[in-house]
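Accompanying notes for the structure given below.
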Amino acid sequence: MVRFGIIGLGNQGSNYALELFEKGQIAGGTLAAVCDCAPERLERFRRRAAGNYPAFSDYTVLLDSGLVDAVLIETPHYSHPEIAIACFRRGIGVICEKPAGVYADQVREMNRVARESGVLFTVMFNQRTNCLYRRMRELVKEGKIGELQRVTWIITDWYRTQSYYADGDWRATWAGEGGGVLINQCPHQLDLVQWVVGKLPVAVRGFCGFGRWHDIEVEDEVTAFFEYENGATGVFVTTTGETPGTNRFEISGTRGKLLCENGALTFWRNDGDSGEFSRSSKDGFARPAYTVENVETDGRDPRHAGIINNFIAAFTGREPLFVDGCEGIRGVELMNAIELSGWRGGARVTLPVDGAEYQRELLSRCKKGGNA
């Protein structure tokens, strides 16, 4: 039985304890201790929990207690690498909430310590367990769409009111969260857009609206343009100010296109390669024939419980780890590149981003506040 601690008892941490561990959705793992620096959150959790768990206000004391084999890190974004590193140095396994961190350099250091320690490490990329995204990745990896031509994700169904942002003085600030819709709502999509496609773009241009639709200092409107090594392009559009929104993920290649929308995956399969057809056809208006297929999946989407149960199986040597925690840097790199470009009015930014430069820009905004 793997003994878990939960560090951070906000909405997500409490949900893992009360909905997953206490309701029997976690096999081979038990909740052994909890931690939060806010006494009122600890007290609120005690009133709601069925179990009487040892509770700590200092995560280092929990880690040194000998009560846990692994932890779930459910704290504000900036603290994820710091806590993870403390775990690695004590030989304690880590499930880190997304995003892995706020800026790439802190995540690089976290990954370095993780590799040196050999401790089991994953990030809560629960949407990778979704059968639709897993099948998209498989089809791309198998070459079914041919050479990549275009990636488009419109994810604008994150509508939030001003009241949402007024919930805490840390929310939607550079100092509190490190960003807006990119770091709060979209870490899963920024991970998936590279995981499904199988590569990061080599450069981006980001056009960000800082406080465009709300009285906040960080971005709540983003349109990003991607450039890939082979010349393919991409567009990523997101906002918390639009309703009704859209969630449409499309990948096009020379042999067809995949569309994930409304809980279904569709494949427009070309009869051959469009590039080869173009070179051989004598008709300027001809196009390859194609079929439209509703793609079958295994129907499984275990989400958060799936990530935790896989971690336990990997911890006990029964199956490989599904998400290598060190992959968390990829989405952070992409987020940093979009943000940096946005600060520069849409200037082209290559990946990987200069970590020191990004950190200086971010800290400057943390000190000043506002979107200047």
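Please note that chains go A, B, ... in the order of the structure tokens, that every chain numbers its residues from 1, and that ligands are numbered from 1 in the order shown.
Residues in contact range of segment 34-51 of chain A, defined as at most 6 Å between only C-alpha atoms, with sequence neighbours fewer than 3 positions away removed, read Gly5, Ile6, Ile7, Gly8, Leu9, Ala55, Phe56 and Ser57 of chain A.
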Prev. selection, C-alpha atoms, output as a PDB file, in the first residue's frame:
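Once everything was written out, this is out-v5.pdb:
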```
ATOM      1  CA  GLY A   5       0.310  12.915   1.569  1.00  0.00           C
ATOM      2  CA  ILE A   6      -1.575  15.837   0.045  1.00  0.00           C
ATOM      3  CA  ILE A   7       0.167  19.206   0.245  1.00  0.00           C
ATOM      4  CA  GLY A   8      -2.365  21.970  -0.336  1.00  0.00           C
ATOM      5  CA  LEU A   9      -6.030  21.609   0.614  1.00  0.00           C
ATOM      6  CA  ALA A  55      -2.284  17.311   9.626  1.00  0.00           C
ATOM      7  CA  PHE A  56       0.711  19.597   9.130  1.00  0.00           C
ATOM      8  CA  SER A  57       1.140  23.324   8.473  1.00  0.00           C
TER       9      SER A  57
END
```
For Asn336 of chain A: contacts at 8 Å, only C-alpha atoms, fewer than 4 positions along chain excluded, given as a PyMOL selection string = chain A and resi 103-104+332+340+353+358
Would you put the residues from that selection into a file with C-alpha atoms, as an mmCIF file, in the first residue's frame?
```cif
data_model
loop_
_atom_site.group_PDB
_atom_site.id
_atom_site.type_symbol
_atom_site.label_atom_id
_atom_site.label_comp_id
_atom_site.auth_asym_id
_atom_site.auth_seq_id
_atom_site.Cartn_x
_atom_site.Cartn_y
_atom_site.Cartn_z
ATOM 1 C CA TYR A 103 8.971 29.545 -15.786
ATOM 2 C CA ALA A 104 11.168 27.038 -17.548
ATOM 3 C CA VAL A 332 5.841 25.554 -19.700
ATOM 4 C CA LEU A 340 7.162 36.636 -23.898
ATOM 5 C CA VAL A 353 13.101 30.515 -24.530
ATOM 6 C CA TYR A 358 12.003 35.337 -19.281
#
```
Compile the contact shell of Glu109 of chain A as an MDAnalysis selection string: residues with an atom at most 12 Å away, counting only C-alpha atoms, same-chain residues fewer than 6 positions apart removed.
-> chainID A and resid 80:82 84:86 88 100:101 103 115:116 326 329 355
May I have the residues from that selection written out with C-alpha atoms, as a JSON list (two decimals), in the first residue's frame?
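File written: again_39.json
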```
[["chain", "number", "residue", "atom", "x", "y", "z"],
["A", 80, "HIS", "CA", 5.57, 23.33, -7.33],
["A", 81, "PRO", "CA", 9.32, 22.94, -8.16],
["A", 82, "GLU", "CA", 10.46, 23.88, -4.66],
["A", 84, "ALA", "CA", 9.03, 18.62, -5.60],
["A", 85, "ILE", "CA", 12.78, 19.10, -5.13],
["A", 86, "ALA", "CA", 12.38, 18.74, -1.36],
["A", 88, "PHE", "CA", 13.19, 14.13, -4.43],
["A", 100, "ALA", "CA", 5.02, 21.93, -13.51],
["A", 101, "GLY", "CA", 6.09, 25.49, -12.73],
["A", 103, "TYR", "CA", 8.97, 29.54, -15.79],
["A", 115, "ARG", "CA", 16.69, 12.53, -12.66],
["A", 116, "GLU", "CA", 19.59, 12.49, -10.20],
["A", 326, "CYS", "CA", 10.09, 15.69, -16.73],
["A", 329, "ILE", "CA", 8.63, 21.45, -19.06],
["A", 355, "GLY", "CA", 15.13, 31.22, -19.27]]
```
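Every protein or nucleic acid residue with an atom no more than 9 Å from Thr297 of chain A, counting only C-alpha atoms and leaving out same-chain residues fewer than 4 positions away, appears here: A:Cys131, A:Leu132, A:Arg134, A:Arg135, A:Leu265.
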Can I get the selection written as a short mmCIF file (atom, residue, chain, number, x, y, z; two decimals), in the first residue's frame, with N, CA and C atoms?
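New file out_22.cif:
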```cif
data_model
loop_
_atom_site.label_atom_id
_atom_site.label_comp_id
_atom_site.auth_asym_id
_atom_site.auth_seq_id
_atom_site.Cartn_x
_atom_site.Cartn_y
_atom_site.Cartn_z
N CYS A 131 -9.45 9.04 -24.15
CA CYS A 131 -9.32 8.15 -25.30
C CYS A 131 -9.25 8.90 -26.63
N LEU A 132 -9.89 10.07 -26.72
CA LEU A 132 -9.86 10.83 -27.96
C LEU A 132 -8.46 11.35 -28.26
N ARG A 134 -5.65 10.26 -26.88
CA ARG A 134 -4.72 9.13 -27.05
C ARG A 134 -4.80 8.58 -28.47
N ARG A 135 -6.01 8.49 -29.01
CA ARG A 135 -6.17 7.95 -30.37
C ARG A 135 -5.63 8.93 -31.41
N LEU A 265 -14.22 12.08 -32.42
CA LEU A 265 -13.03 12.20 -33.24
C LEU A 265 -13.37 11.76 -34.66
#
```
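Between Val102 of chain A and the residues A:Cys208, A:Ala314, A:Ala175, A:Val193, the shortest atom-to-atom distance, using only C-alpha atoms, involves A:Ala175.
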Residues of segment 189-303 of chain A in helix (DSSP H, G or I), written as a PyMOL selection string = chain A and resi 189-197+274-280+303
Residue contacts of Glu217 of chain A (8 Å, only C-alpha atoms) excluding same-chain residues fewer than 2 positions away, as a VMD selection string | chain A and resid 172 to 174 210 to 211 215 219 369 to 371
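With only C-alpha atoms as the atoms that count, the residue of A:Leu321, A:Ala337, A:Phe226, A:Tyr133 with the shortest distance to Asp301 of chain A is A:Tyr133.
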Neighbour list for Arg171 of chain A as a PDB file with C-alpha atoms, in the first residue's frame, cut-off 10 Å, only C-alpha atoms, skip fewer than 6 positions in-chain:
```
ATOM      1  CA  PRO A  76       0.125  27.645  -5.970  1.00  0.00           C
ATOM      2  CA  TYR A 164     -14.143  34.620 -10.237  1.00  0.00           C
ATOM      3  CA  TYR A 165     -11.060  36.836 -10.316  1.00  0.00           C
ATOM      4  CA  GLU A 177      -0.148  32.955 -10.438  1.00  0.00           C
ATOM      5  CA  GLY A 178       2.512  33.971 -12.944  1.00  0.00           C
ATOM      6  CA  GLY A 179      -0.006  34.514 -15.719  1.00  0.00           C
ATOM      7  CA  GLY A 180      -3.628  34.235 -16.718  1.00  0.00           C
ATOM      8  CA  ASN A 184      -4.460  28.747 -15.172  1.00  0.00           C
ATOM      9  CA  ILE A 216      -7.000  41.966 -14.132  1.00  0.00           C
ATOM     10  CA  GLU A 217      -3.310  42.448 -14.917  1.00  0.00           C
ATOM     11  CA  VAL A 218      -2.626  39.159 -16.729  1.00  0.00           C
TER      12      VAL A 218
END
```
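Between atom CA of Phe207 of chain A and atom CA of Ala224 of chain A there is a distance of 6.0 Å.
Using only C-alpha atoms, the shortest contact distance between Asn130 of chain A and any of A:Asp105, A:Asp298, A:Glu261, A:Asp69 is found at A:Asp298.
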Would you mind reading off the distance between atom CA of Val295 of chain A and atom CA of Gly331 of chain A, one decimal, in Å?
-> 26.8 Å
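Secondary structure of segment 99-204 of chain A, strand (DSSP E) only (DSSP, backbone atoms): Phe121, Thr122, Val123, Leu148, Gln149, Arg150, Val151, Thr152, Trp153, Ile154, Ile155, Ala203 and Val204 of chain A.
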Select from segment 134-219 of chain A every residue with an atom at most 9 Å from any atom of segment 272-275 of chain A, then for each give the shortest pair of atoms and their distance in Å to one decimal, using only C-alpha atoms, rows by chain and rising number, as a tab-separated table.
```
residue	atom	partner	partner_atom	distance
A:Ile145	CA	A:Asp273	CA	8.9
A:Gly146	CA	A:Asp273	CA	7.1
A:Glu147	CA	A:Asp273	CA	8.9
```
